[in-house]
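**Q** Sending over a structure as structure tokens; questions will come in a sec.
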Amino acid sequence: MKKGYKNWGPPLLLISPTIIVLGIFVYGLIGANISVSLSNRNSLVPATEFVGLDNYIALFGEERFIHSLQNLGIFTLFFIGGTMIFGFLWAWMLDKGVTAEGVFRSVFLFPMAISFVASGVVWRWLLNSAEGDRASGLNRVFENLGLDFLQNSWWNDPTWGMAAIALPAIWQLAGYVMALFLSGFRGIPEELREAARMDGATEWKLYRYVIFPQLSPVALSALIIVGHMSLKVFDLIMAITKSIYQTEVPATYLWVALTSNDYAKSATIATILLLFVAVVIVPYLIYTARAEKRQG
Amino acid sequence: MRKPLSIIAGAVALGLVLAGCSSTPSSDPDNADQVEVFTWWASGSEKVGLDALVTVFAEQNPDIEFINASVAGGAGSNAKAALASRLESNDPPDTFQAHAGAELTDYINAGQLQDLSSFYQENGLTDVFPESLIERITVDGAIYSVPSNIHRANVVWANTQVLEDAGIDPMAAPADIDAWLVDLKKLKDAGVETPLALGTEWTQMQLFENVLIADLGAEGYSGLWTGDTAWDDAGVETAIGHYGDLLEYTNSDFAGLDWDAATQIVLDGNAAYNVMGDWAESAFQQAGWTYDNEYTTWATPGTDGVFDFLADSFTLSVGAPHEAAAIDWLTTISSAEGQKAFNLAKGSIPARTDTVASDYPAYQQTAIKSFGEDTVVSSLAHGAAASIAWSGDISSAIGKFGADRDAASLLSGLVAAADKAQG
């Protein structure tokens with residue numbers, strides 16, 4: 001019986017550097033962050049006492065934080081909706097068969113290679129909200145095309161402004177979602193479609209009962225990936241508008257709190273963001289773990 | 001078996017930390033002939049100014065080695081983050097740059113700054129700095145920093161051509177905000193769509209503080225920061241009304257423009273006025289415009305006789321490794337030669353009243369004159385009037401107003417911010 005030490009020792013030894021580094025730099029720092037969020041370290045003065053959830057209660061009582069959550073909500077809605085719709089449409093059209101599919105695939109996928117900051121600088125100009133004589137970017141294009149009625153204030157709109165910020169994000173990531181869906185389409189065996197057609201399924205029924213169920217794991221992955229990116233959005237907003245009230249989301253608010261030395265508040269926002277992302281990701285991890293078990 | 005690996009992991013982690021540190025210039029605590037100066041002046045006219053200061057410093061203190069610990073980027077925000085971590089780990093630079101006034105509150109409360117009152121006495125600075133400036137930078141009887149340069153925030157930059165075309169005399173400043181609104185209306189009626197150029201959140205805050213000064217007067221405005229003037233004062237309400245009226249004459253895309261883009265609208269002739277600090281002077285110089293010819297300036301209507309100041313300043317850290325040399329550095333900064341060298345290069349004006357105005361360009365001469373005669377008040381938008389957290393709250397309330405124009409909500413936001421800060 002060579003069970004025990006010799007059995008679990010070497011594997012543990014192999015992964016221990018990872019465990020230690022992750023333990024310190026990920027989980028240790030998450031712990032440190034949470035402990036700051038529970039302290040009264042609201043300035044450069046070191047923390048003196050444990051204040052429990054006071055920082056969280058104060059934050060949710062702030063009109064400003066609620067506003068940043070609303071902004072995030074609108075952004076996420078349009079970002080996820082836009083990427084899923086365009087990603088699916090493009091993948092569907094490519095799957096239907098087009099000439100030069102590789103060219104289209106690359107064209108749709110290329111924006112993803114650009115960093116949010118770089119594209120943000122360009123979109124800052126494209127989404128310039130000046131109209132009329134001083135118009136630039138998209139508003140100027142509309143004016144030149146005689147489509148003046150399409151000119152609008154983009155992200156400057158008090159209510160739906162965040163939807164305009166979602167435009168560049170959709171432009172960048174719809175191609176990625178398309179690639180996911182396309183691989184999903186390609187993963188469906190032709191025999192399934194043929195069998196369905198043999199059984200007399202209409203095109204709609206074919207999609208509804210054969211294709212969509214096969215695509216749902218892909219759609220879920222896409223949703224999770226885009227969703228968690230959306231919750232963390234920071235660089236795009238900083239590049240387009242800098243940190244101003246109108247386009248404030250929790251991540252940019254965190255940065256403002258940090259640069260004004262309110263460590264407890266920024267740690268609180270960071271913890272809340274982590275929880276949001278966890279709400280999205282943890283069920284997904286559980287789901288995939290179960291699915292693997294079933295298959296295994 | 002596990003120990004050696006964890007030691008290796010530890011060594012790797014330590015190596016990373018050391019690699020991170022090696023980029024900072026070496027300051028040796030045992031070598032008294034060094035001074036480490038922390039700034040965010042790493043490029044442009046600010047770098048030129050710092051170099052000029054260092055030259056004067058080297059002449060006055062040939063034995064002391066100057067260690068430049070400047071951190072570039074983010075208009076100082078990168079530097080402030082780096083500074084906070086150095087102060088936190090008890091590794092302070094000898095002296096660091098900070099906006100003069102209330103922005104120092106956090107450092108003072110954390111016990112990170114030394115009182116410089118006796119330094120002011122010994123060098124006679126209390127006599128050469130304007131009395132009202134000394135008042136503004138004194139906290140509970142102590143002074144914590146030495147201003148190196150003064151900027152003025154209540155200046156209207158006007159395009160004379162646009163004004164003349166609308167039949168307005170560009171050289172005569174309106175007496176108050178109401179008179180100014182009349183001129184703005186005249187301009188709009190004459191076809192100038194956006195007579196008042198405005199930019200992003202902090203420029204809105206600066207315009208709002210100008211209106212506050214105009215409607216409350218210097219004393220009432222200064223009282224806002226000490227608690228002597230209530231934020232729900234009728235004057236504040238008037239100011240919010242005036243500010244809302246002014247916004248009606250601005251470019252609609254202001255939230256997305258940095259200050260230089262807003263100033264550019266005046267240069268392009270699409271706006272007549274821009275309220276901006278006097279760093280805007282360089283934009284007009286670069287355009288080749290001459291003062292009182294293509295452009296002119298006056299104090300924002302209603303604020304004549306008031307100098308809305310902001311200043312960069314240098315501090316003395318608690319636990320500074322080279323305290324004597326740091327005091328030499330502060331002496332150079334406050335000296336007439338040091339201030340002249342720096343401000344000629346940076347385009348600002350000295351804090352000293354014994355400045356020879358004729359050494360400076362036309363706009364600066366007017367600023368030097370007002371600085372000597374006017375009542376000095378602290379700028380909100382530039383950290384002199386309120387602590388960082390407080391001005392952040394105000395900025396957010398003003399940004400909200402820019403979007404929804406809800407006067408009641410702005411007033412309650414301002415009152416709440418003051419309650420929180422003065423709590």
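Residues are referred to by chain and number: the chain letter is A, B, ... according to the order shown in the structure tokens, the number counts from 1 in that chain, and ligands are numbered separately from 1 in the order shown.
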Which residues, written as a list in words, have at least one atom at most 12 Å from Ile57 of chain A, with only C-alpha atoms counted and residues fewer than 5 positions away on the same chain left out?
**A**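 The contact residues come out as Ser37, Leu38, Val51, Gly52, Glu62, Phe65, Ile66, Lys265, Thr268, Ile269 and Ile272 of chain A.
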**Q** Give me, as a short mmCIF file (atom, residue, chain, number, x, y, z; two decimals) with N, CA and C atoms, in the first residue's frame, the residues of chain B touching chain A, with the criterion being at most 7 Å (counting only C-alpha atoms).
**A**
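After the write, part.cif holds the following:
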```cif
data_model
loop_
_atom_site.label_atom_id
_atom_site.label_comp_id
_atom_site.auth_asym_id
_atom_site.auth_seq_id
_atom_site.Cartn_x
_atom_site.Cartn_y
_atom_site.Cartn_z
N ARG B 2 8.53 20.82 0.54
CA ARG B 2 7.79 21.97 0.05
C ARG B 2 8.51 23.29 0.32
N LEU B 5 10.72 25.06 -2.47
CA LEU B 5 9.95 25.68 -3.53
C LEU B 5 9.32 27.00 -3.09
N SER B 6 8.83 26.96 -1.85
CA SER B 6 8.21 28.22 -1.41
C SER B 6 9.28 29.30 -1.26
N ALA B 9 9.70 30.56 -4.70
CA ALA B 9 8.57 31.43 -5.03
C ALA B 9 8.73 32.78 -4.34
N SER B 77 -2.23 62.68 -11.47
CA SER B 77 -2.89 61.61 -10.71
C SER B 77 -1.96 60.40 -10.52
N ALA B 81 -0.72 59.00 -6.74
CA ALA B 81 -0.84 57.61 -6.31
C ALA B 81 0.53 57.09 -5.86
N ASP B 106 -5.69 66.30 3.57
CA ASP B 106 -5.49 64.87 3.84
C ASP B 106 -4.10 64.59 4.39
N TYR B 107 -3.09 65.23 3.78
CA TYR B 107 -1.72 65.00 4.24
C TYR B 107 -1.52 65.56 5.65
N ASN B 109 -3.85 65.99 8.00
CA ASN B 109 -4.54 65.15 8.98
C ASN B 109 -3.79 63.84 9.23
N ALA B 110 -3.10 63.36 8.21
CA ALA B 110 -2.36 62.11 8.38
C ALA B 110 -1.00 62.36 9.03
N GLU B 201 -16.06 68.68 -16.96
CA GLU B 201 -16.59 68.92 -15.61
C GLU B 201 -15.81 69.95 -14.79
N SER B 252 -23.27 73.00 -26.77
CA SER B 252 -23.99 71.86 -26.16
C SER B 252 -23.08 70.68 -25.89
N ASP B 253 -21.92 70.62 -26.56
CA ASP B 253 -21.07 69.44 -26.41
C ASP B 253 -20.02 69.64 -25.32
N GLY B 256 -17.79 66.98 -23.28
CA GLY B 256 -16.75 66.16 -23.89
C GLY B 256 -15.48 66.91 -24.24
N ILE B 388 -9.94 67.21 -1.26
CA ILE B 388 -10.14 66.46 -2.50
C ILE B 388 -11.52 65.80 -2.53
N ALA B 389 -11.90 65.19 -1.39
CA ALA B 389 -13.18 64.48 -1.36
C ALA B 389 -14.35 65.44 -1.54
N SER B 396 -19.18 66.34 -8.98
CA SER B 396 -20.20 65.39 -9.42
C SER B 396 -21.58 66.06 -9.48
N GLY B 399 -21.60 68.29 -12.50
CA GLY B 399 -21.70 67.48 -13.71
C GLY B 399 -23.12 67.02 -13.95
N LYS B 400 -23.81 66.65 -12.84
CA LYS B 400 -25.21 66.22 -12.93
C LYS B 400 -26.07 67.37 -13.43
N ALA B 403 -26.12 67.99 -17.02
CA ALA B 403 -26.92 67.06 -17.81
C ALA B 403 -28.42 67.30 -17.63
N ASP B 404 -28.86 67.51 -16.36
CA ASP B 404 -30.32 67.57 -16.15
C ASP B 404 -30.87 68.95 -15.81
#
```
**Q** Please measure the separation of atom CA of Ser68 of chain A and atom CA of Pro250 of chain A, giving the value in Å to one decimal.
**A** 5.6 Å
**Q** One number please: atom CA of Asp292 of chain B to atom CA of Gly269 of chain B, in Å, one decimal.
**A**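 Going from atom CA of Asp292 of chain B over to atom CA of Gly269 of chain B, I get 15.9 Å.
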**Q** Please determine, counting only C-alpha atoms, which residue among B:Thr366, B:Thr105, B:Asn78, B:Thr95 has the shortest atom-to-atom distance to Thr296 of chain B.
**A** B:Thr366
**Q** Which of these, B:Glu131, B:Asp94, B:Asp176, B:Glu294, has the shortest distance to Arg352 of chain B once you count only C-alpha atoms?
**A**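 So, comparing all the options, the nearest one is B:Glu131.
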